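The file run-v8.tsv contains TSV, C-alpha atoms:
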```tsv
chain	number	residue	atom	x	y	z
E	1	MET	CA	114.03	93.17	113.73
E	2	SER	CA	114.00	89.89	115.61
E	3	ASP	CA	111.62	88.11	113.21
E	4	ALA	CA	114.05	86.38	110.83
E	5	ILE	CA	113.31	83.90	108.05
E	6	SER	CA	115.81	81.76	106.17
E	7	LEU	CA	115.47	82.03	102.39
E	8	PRO	CA	117.81	81.09	99.55
E	9	VAL	CA	119.33	83.81	97.41
E	10	ASP	CA	121.31	82.75	94.35
E	11	GLY	CA	121.71	79.28	95.84
E	12	ARG	CA	123.12	80.51	99.15
E	13	PRO	CA	120.96	80.47	102.29
E	14	ARG	CA	120.76	83.68	104.24
E	15	ARG	CA	118.56	85.03	106.99
E	16	LEU	CA	116.19	87.85	106.26
E	17	THR	CA	114.34	90.12	108.64
E	18	ARG	CA	110.62	90.56	108.10
E	19	ARG	CA	111.42	93.85	106.42
E	20	GLY	CA	113.84	92.02	104.15
E	21	VAL	CA	111.21	89.42	103.29
E	22	ASP	CA	108.74	92.17	102.41
E	23	ALA	CA	111.32	93.86	100.18
E	24	ARG	CA	112.07	90.56	98.47
E	25	GLU	CA	108.37	89.93	97.80
E	26	LYS	CA	107.98	93.44	96.37
E	27	ILE	CA	111.00	92.96	94.09
E	28	LEU	CA	109.82	89.60	92.75
E	29	ASP	CA	106.30	90.92	92.11
E	30	ALA	CA	107.79	93.94	90.34
E	31	THR	CA	110.00	91.72	88.18
E	32	ILE	CA	107.01	89.65	87.06
E	33	LYS	CA	105.13	92.83	86.14
E	34	CYS	CA	108.11	94.18	84.18
E	35	ILE	CA	108.61	90.94	82.26
E	36	VAL	CA	104.92	90.71	81.33
E	37	ARG	CA	104.88	94.34	80.25
E	38	SER	CA	108.22	94.62	78.46
E	39	GLY	CA	109.65	91.11	78.05
E	40	PHE	CA	112.61	89.38	79.66
E	41	THR	CA	115.30	91.03	77.54
E	42	ALA	CA	114.07	94.56	78.24
E	43	THR	CA	113.67	94.00	81.98
E	44	THR	CA	116.67	95.46	83.77
E	45	VAL	CA	117.46	95.92	87.43
E	46	GLU	CA	116.72	99.62	86.92
E	47	HIS	CA	113.23	98.84	85.61
E	48	VAL	CA	112.56	96.58	88.59
E	49	MET	CA	113.81	99.27	90.99
E	50	ALA	CA	111.39	101.78	89.50
E	51	GLU	CA	108.46	99.36	89.56
E	52	ALA	CA	109.15	98.28	93.14
E	53	GLY	CA	109.91	101.81	94.35
E	54	LEU	CA	113.17	100.65	95.91
E	55	SER	CA	116.77	101.79	95.65
E	56	ARG	CA	119.42	99.91	93.69
E	57	GLY	CA	121.07	98.99	96.95
E	58	SER	CA	117.87	97.45	98.28
E	59	VAL	CA	117.49	95.30	95.17
E	60	LEU	CA	121.14	94.24	95.04
E	61	HIS	CA	121.08	93.41	98.75
E	62	GLN	CA	118.45	90.77	97.97
E	63	PHE	CA	119.78	89.70	94.57
E	64	PRO	CA	123.47	90.29	93.79
E	65	ASN	CA	122.94	90.22	90.01
E	66	ARG	CA	120.28	89.99	87.32
E	67	VAL	CA	120.63	86.21	86.93
E	68	ALA	CA	119.95	85.65	90.64
E	69	LEU	CA	116.91	87.91	90.35
E	70	MET	CA	115.56	86.03	87.34
E	71	VAL	CA	116.13	82.61	88.89
E	72	ALA	CA	114.24	83.66	92.02
E	73	THR	CA	111.49	85.18	89.87
E	74	ALA	CA	111.16	81.94	87.89
E	75	GLU	CA	110.86	79.96	91.11
E	76	ARG	CA	108.22	82.38	92.42
E	77	ALA	CA	106.31	82.14	89.15
E	78	MET	CA	106.48	78.32	89.09
E	79	ARG	CA	105.21	78.10	92.65
E	80	ARG	CA	102.34	80.48	92.04
E	81	VAL	CA	101.28	78.67	88.87
E	82	MET	CA	101.35	75.34	90.72
E	83	ASP	CA	99.50	76.74	93.74
E	84	ALA	CA	96.82	78.30	91.54
E	85	ALA	CA	96.40	75.06	89.59
E	86	GLY	CA	96.12	73.12	92.84
E	87	GLU	CA	93.43	75.45	94.15
E	88	MET	CA	91.43	75.28	90.93
E	89	ALA	CA	91.69	71.49	90.82
E	90	ALA	CA	90.71	71.13	94.48
E	91	ALA	CA	87.55	73.12	93.80
E	92	ILE	CA	86.34	70.33	91.46
E	93	GLU	CA	84.75	67.66	93.62
E	94	ASP	CA	84.68	64.76	91.18
E	95	PRO	CA	88.21	63.27	90.75
E	96	PHE	CA	87.68	62.23	87.13
E	97	GLU	CA	86.31	65.64	86.18
E	98	ARG	CA	89.22	67.24	88.03
E	99	LEU	CA	91.65	65.34	85.83
E	100	SER	CA	89.64	65.82	82.63
E	101	ASP	CA	89.49	69.58	83.21
E	102	TYR	CA	93.22	69.91	83.84
E	103	ALA	CA	93.92	71.27	80.34
E	104	ARG	CA	91.68	74.25	81.07
E	105	ILE	CA	93.29	74.66	84.49
E	106	SER	CA	96.77	74.58	82.95
E	107	TRP	CA	95.80	77.10	80.29
E	108	GLU	CA	94.28	79.55	82.75
E	109	THR	CA	97.15	79.38	85.24
E	110	HIS	CA	99.82	79.71	82.56
E	111	SER	CA	97.90	82.66	81.08
E	112	ALA	CA	98.15	84.54	84.38
E	113	PRO	CA	101.02	87.05	84.78
E	114	GLU	CA	103.17	84.53	86.65
E	115	GLY	CA	102.74	81.96	83.89
E	116	LEU	CA	103.53	84.48	81.17
E	117	ALA	CA	106.68	85.64	82.98
E	118	LEU	CA	107.78	82.04	83.53
E	119	THR	CA	107.41	81.18	79.84
E	120	ASP	CA	109.48	84.23	78.88
E	121	ILE	CA	112.26	83.33	81.33
E	122	LEU	CA	112.37	79.72	80.13
E	123	LEU	CA	112.64	80.87	76.53
E	124	ALA	CA	115.47	83.25	77.40
E	125	ALA	CA	117.37	80.46	79.15
E	126	ARG	CA	117.96	78.77	75.80
E	127	TRP	CA	120.54	81.45	74.98
E	128	ASP	CA	121.85	82.13	78.50
E	129	ALA	CA	124.05	79.39	79.95
E	130	GLU	CA	124.35	81.12	83.32
E	131	LEU	CA	120.60	81.49	83.61
E	132	ILE	CA	119.87	77.89	82.70
E	133	GLU	CA	122.48	76.68	85.17
E	134	GLY	CA	120.75	78.68	87.90
E	135	LEU	CA	117.33	77.39	86.89
E	136	GLN	CA	118.24	73.69	86.82
E	137	PRO	CA	118.02	72.96	90.58
E	138	VAL	CA	114.71	74.79	90.86
E	139	ALA	CA	113.31	73.20	87.69
E	140	SER	CA	114.33	69.70	88.78
E	141	GLN	CA	112.53	70.03	92.09
E	142	VAL	CA	109.41	71.53	90.53
E	143	GLU	CA	109.36	68.91	87.75
E	144	GLN	CA	109.33	66.16	90.37
E	145	GLU	CA	106.44	67.87	92.12
E	146	ILE	CA	104.54	68.14	88.84
E	147	HIS	CA	105.18	64.45	88.18
E	148	ASP	CA	103.80	63.63	91.64
E	149	GLU	CA	100.76	65.83	91.00
E	150	PHE	CA	99.96	63.97	87.78
E	151	ILE	CA	100.27	60.65	89.64
E	152	LYS	CA	97.91	61.91	92.35
E	153	LEU	CA	95.37	63.17	89.81
E	154	ALA	CA	95.37	59.83	88.00
E	155	THR	CA	95.26	57.78	91.20
E	156	ASP	CA	92.38	59.84	92.62
E	157	ALA	CA	90.54	59.35	89.32
E	158	GLY	CA	90.82	55.59	89.83
E	159	PHE	CA	93.41	54.71	87.20
E	160	ASP	CA	95.44	51.59	87.96
E	161	ASP	CA	98.38	52.69	85.81
E	162	ALA	CA	98.85	56.27	86.97
E	163	GLU	CA	102.27	56.50	85.30
E	164	ALA	CA	100.57	56.24	81.91
E	165	LEU	CA	99.28	59.77	82.44
E	166	VAL	CA	102.68	61.34	83.10
E	167	PRO	CA	104.02	61.59	79.49
E	168	HIS	CA	100.64	62.93	78.38
E	169	GLY	CA	100.76	65.44	81.23
E	170	TRP	CA	104.11	66.78	80.07
E	171	LEU	CA	102.84	66.95	76.50
E	172	LEU	CA	99.92	68.97	77.82
E	173	ILE	CA	102.21	71.44	79.60
E	174	ALA	CA	104.42	71.79	76.51
E	175	SER	CA	101.33	72.41	74.38
E	176	VAL	CA	100.06	75.05	76.77
E	177	ARG	CA	103.39	76.89	76.80
E	178	GLY	CA	103.64	76.81	73.01
E	179	LEU	CA	100.10	78.09	72.58
E	180	ILE	CA	100.75	80.79	75.20
E	181	ILE	CA	103.57	82.10	72.99
E	182	GLU	CA	101.37	82.06	69.89
E	183	HIS	CA	98.43	83.62	71.72
E	184	SER	CA	100.54	86.42	73.21
E	185	LEU	CA	101.43	87.96	69.84
E	186	GLY	CA	98.63	90.42	70.49
E	187	TYR	CA	96.32	90.19	67.49
E	188	GLU	CA	93.31	88.05	66.66
E	189	ARG	CA	94.23	84.59	65.36
E	190	PRO	CA	91.20	82.31	65.10
E	191	MET	CA	93.33	79.25	64.37
E	192	ILE	CA	95.14	79.63	67.69
E	193	LEU	CA	91.86	79.92	69.57
E	194	ALA	CA	90.67	76.79	67.75
E	195	ALA	CA	93.92	75.03	68.68
E	196	ILE	CA	93.41	75.89	72.36
E	197	ASP	CA	89.90	74.42	72.24
E	198	ARG	CA	91.24	71.32	70.47
E	199	MET	CA	93.95	70.86	73.08
E	200	MET	CA	91.36	70.87	75.86
E	201	GLU	CA	89.09	68.54	73.90
E	202	ARG	CA	91.91	66.06	73.20
E	203	HIS	CA	92.96	65.99	76.83
E	204	ARG	CA	89.42	65.21	77.92
E	205	ARG	CA	89.16	62.48	75.26
E	206	PHE	CA	92.49	61.02	76.39
E	207	CYS	CA	91.19	60.80	79.96
E	208	THR	CA	87.93	59.22	78.81
E	209	ASN	CA	89.78	56.63	76.73
E	210	LEU	CA	92.19	55.89	79.57
E	211	ALA	CA	89.24	55.37	81.92
E	212	ALA	CA	87.60	53.01	79.43
E	213	ARG	CA	90.80	51.01	79.08
E	214	ASN	CA	91.14	50.90	82.85
E	215	ARG	CA	87.61	49.49	83.19
E	216	GLU	CA	88.31	46.90	80.48
E	217	ASP	CA	91.52	45.82	82.22
E	218	ASP	CA	89.65	45.48	85.52
E	219	LYS	CA	86.95	43.44	83.80
E	220	ASN	CA	89.48	41.10	82.18
E	221	SER	CA	91.33	40.61	85.45
E	222	GLN	CA	88.14	39.30	87.05
E	223	ILE	CA	87.56	36.66	84.37
```
Any chance you could put this one into structure tokens?
Amino acid sequence: MSDAISLPVDGRPRRLTRRGVDAREKILDATIKCIVRSGFTATTVEHVMAEAGLSRGSVLHQFPNRVALMVATAERAMRRVMDAAGEMAAAIEDPFERLSDYARISWETHSAPEGLALTDILLAARWDAELIEGLQPVASQVEQEIHDEFIKLATDAGFDDAEALVPHGWLLIASVRGLIIEHSLGYERPMILAAIDRMMERHRRFCTNLAARNREDDKNSQI
């Protein structure tokens, strides 16, 4: 086919036909489904083949090994989580409410299949040097984008010191990922549900306090 698109595979750029792009999309979606259903460790190339309905050759043509497949899946999952969070935030008209509600947004997007798969891959990387090496370039780029998103949220909300929100934002993401792990154990745990509510409440209180401090600083600067 003449319609070709350049996409990275295992760090090396290559050109894919539209058919190749479609196969790649199907493989990545299948990998996310397999990880959510069976976990990272149990997800093999064979499981992905069966889920995607593709041959081994088709999968290996796109991803030469399991690490390349998992790195690409992590990037796909990160992008989808970020895109979903952006859409949910954009739907909130008031900038301060948009920021104050970001704990809920983070929880809901990380609770989606892409977020669950991403958390599992990140956990697995702790014991897989090859996987973490492959993830580092992707993670570095995405982390910068998340940093910029926090700055934008704070700036739009009218905070003079937008950088003050960034460490809190990362604490929020770490809290969400930790609670996702606890919540995914599959049985009722009231204390975890209470912790999720408390996380959202504390984020909103942090934003309220930061806004109050910002107003006080503005008032003092005018004296």
*List the neighbours of Ala211 of chain E out to 10 Å using all atoms listed in the file; skip same-chain residues closer than 3 positions along the sequence, and give me the result as a PyMOL selection string.*
chain E and resi 96+154+157-160+205-208+214-217
*Straight-line distance linking atom CA of Gly53 of chain E with atom CA of Gly186 of chain E, stated in Å to one decimal*: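 Distance between the two atoms: 28.7 Å.
Among the candidates E:Ile27, E:Ala77, E:Val48, E:Ile105, the one nearest to Ile92 of chain E when counting all atoms listed in the file is E:Ile105.
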_Set the distance at 12 Å and use only C-alpha atoms: which residues neighbour Ser184 of chain E once local chain neighbours fewer than 2 positions away are removed? I'd like the list as a PyMOL selection string._
chain E and resi 36-37+39+110-113+115-117+119-120+176-182+186-189+192-193
What are the centre and the three edge lengths of an axis-aligned box that wraps all atoms of segment 205-215 of chain E in the file, given that 3 Å is added to every side, written as JSON and rounded to one decimal in Å?
```
{"center_x": 90.0, "center_y": 56.0, "center_z": 79.2, "size_x": 10.9, "size_y": 19.0, "size_z": 13.9}
```
*Nearest to Gly134 of chain E: which of E:Ala68, E:Ala194, E:Ala50, E:Leu172 is it, counting only C-alpha atoms?*
E:Ala68
*All residues 10 Å or closer to segment 143-146 of chain E, all atoms listed in the file, same chain fewer than 4 positions away omitted, as a count of residues only*: 11
*Write out as a list in words which residues come within 9 Å of Ile173 of chain E when counting all atoms listed in the file, dropping same-chain ones fewer than 6 positions away.*
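Near Ile173 of chain E, the qualifying residues are Ala103, Ser106 and Trp107 of chain E.
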Take the selection from the previous step and output its residues with C-alpha atoms, as a PDB file, keeping the file's coordinate frame.
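Saved as selection.pdb:
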```
ATOM      1  CA  ALA E 103      93.920  71.270  80.340  1.00  0.00           C
ATOM      2  CA  SER E 106      96.770  74.580  82.950  1.00  0.00           C
ATOM      3  CA  TRP E 107      95.800  77.100  80.290  1.00  0.00           C
TER       4      TRP E 107
END
```
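Each of E:Val45, E:Phe40, E:Glu75, E:Leu118 was compared to Val59 of chain E using all atoms listed in the file, and E:Val45 turns out to be the nearest.
For the set E:Arg98, E:Ala90, E:Met49, E:His168, the residue with the smallest atom-to-atom gap to Asp29 of chain E is E:Met49, counting only C-alpha atoms.
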*Which of these residues is nearest to Ala23 of chain E, using all atoms listed in the file: E:Ser58, E:Ser100, E:Gln136, E:Asn209?*
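Among the listed residues, the smallest separation from Ala23 of chain E belongs to E:Ser58.
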_Here is a test: counting all atoms listed in the file, which residue of E:Met199, E:His47, E:Val21, E:Glu133 is nearest to Leu171 of chain E?_
E:Met199
Only N, CA and C atoms needed: put segment 96-127 of chain E from the block into a file as a short mmCIF file (atom, residue, chain, number, x, y, z; two decimals), in the first residue's frame.
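Saved file selection-v5.cif follows:
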```cif
data_model
loop_
_atom_site.label_atom_id
_atom_site.label_comp_id
_atom_site.auth_asym_id
_atom_site.auth_seq_id
_atom_site.Cartn_x
_atom_site.Cartn_y
_atom_site.Cartn_z
N PHE E 96 -10.10 26.56 38.41
CA PHE E 96 -9.79 26.11 39.77
C PHE E 96 -10.45 24.77 40.07
N GLU E 97 -11.69 24.60 39.65
CA GLU E 97 -12.37 23.33 39.86
C GLU E 97 -11.70 22.22 39.06
N ARG E 98 -11.20 22.56 37.88
CA ARG E 98 -10.48 21.60 37.04
C ARG E 98 -9.26 21.05 37.78
N LEU E 99 -8.53 21.96 38.42
CA LEU E 99 -7.36 21.54 39.19
C LEU E 99 -7.77 20.78 40.44
N SER E 100 -8.76 21.28 41.15
CA SER E 100 -9.19 20.66 42.41
C SER E 100 -9.75 19.27 42.19
N ASP E 101 -10.29 19.02 41.02
CA ASP E 101 -10.90 17.72 40.71
C ASP E 101 -9.91 16.75 40.07
N TYR E 102 -8.64 17.13 40.02
CA TYR E 102 -7.68 16.32 39.27
C TYR E 102 -7.37 14.99 39.96
N ALA E 103 -7.58 14.90 41.28
CA ALA E 103 -7.39 13.61 41.95
C ALA E 103 -8.40 12.59 41.44
N ARG E 104 -9.65 13.03 41.33
CA ARG E 104 -10.68 12.13 40.78
C ARG E 104 -10.35 11.76 39.34
N ILE E 105 -9.94 12.74 38.55
CA ILE E 105 -9.59 12.48 37.16
C ILE E 105 -8.46 11.46 37.08
N SER E 106 -7.44 11.65 37.91
CA SER E 106 -6.29 10.72 37.91
C SER E 106 -6.73 9.32 38.31
N TRP E 107 -7.59 9.24 39.31
CA TRP E 107 -8.05 7.93 39.77
C TRP E 107 -8.83 7.21 38.67
N GLU E 108 -9.74 7.92 38.03
CA GLU E 108 -10.58 7.28 37.02
C GLU E 108 -9.77 6.86 35.80
N THR E 109 -8.83 7.68 35.37
CA THR E 109 -8.05 7.32 34.18
C THR E 109 -7.07 6.19 34.47
N HIS E 110 -6.50 6.17 35.68
CA HIS E 110 -5.59 5.08 36.03
C HIS E 110 -6.34 3.79 36.34
N SER E 111 -7.65 3.90 36.61
CA SER E 111 -8.45 2.70 36.86
C SER E 111 -8.95 2.06 35.57
N ALA E 112 -8.81 2.77 34.45
CA ALA E 112 -9.19 2.22 33.15
C ALA E 112 -8.19 1.13 32.75
N PRO E 113 -8.53 0.28 31.79
CA PRO E 113 -7.62 -0.81 31.40
C PRO E 113 -6.21 -0.34 31.08
N GLU E 114 -6.08 0.78 30.37
CA GLU E 114 -4.74 1.27 30.03
C GLU E 114 -3.94 1.62 31.28
N GLY E 115 -4.61 2.25 32.25
CA GLY E 115 -3.92 2.60 33.49
C GLY E 115 -3.52 1.39 34.29
N LEU E 116 -4.38 0.38 34.33
CA LEU E 116 -4.07 -0.85 35.06
C LEU E 116 -2.89 -1.57 34.41
N ALA E 117 -2.89 -1.64 33.09
CA ALA E 117 -1.78 -2.30 32.38
C ALA E 117 -0.48 -1.55 32.60
N LEU E 118 -0.54 -0.22 32.56
CA LEU E 118 0.66 0.59 32.78
C LEU E 118 1.24 0.34 34.16
N THR E 119 0.41 0.33 35.18
CA THR E 119 0.89 0.09 36.55
C THR E 119 1.57 -1.26 36.65
N ASP E 120 1.00 -2.28 36.01
CA ASP E 120 1.59 -3.63 36.05
C ASP E 120 2.95 -3.66 35.36
N ILE E 121 3.06 -2.97 34.23
CA ILE E 121 4.34 -2.94 33.50
C ILE E 121 5.40 -2.21 34.32
N LEU E 122 5.03 -1.10 34.93
CA LEU E 122 5.99 -0.34 35.73
C LEU E 122 6.48 -1.14 36.93
N LEU E 123 5.57 -1.89 37.55
CA LEU E 123 5.98 -2.75 38.66
C LEU E 123 6.96 -3.82 38.19
N ALA E 124 6.67 -4.42 37.04
CA ALA E 124 7.53 -5.49 36.52
C ALA E 124 8.92 -4.96 36.18
N ALA E 125 9.01 -3.70 35.79
CA ALA E 125 10.30 -3.13 35.39
C ALA E 125 11.30 -3.10 36.53
N ARG E 126 10.81 -3.15 37.76
CA ARG E 126 11.73 -3.14 38.91
C ARG E 126 12.68 -4.32 38.89
N TRP E 127 12.23 -5.44 38.31
CA TRP E 127 13.04 -6.66 38.30
C TRP E 127 13.52 -7.02 36.89
#
```
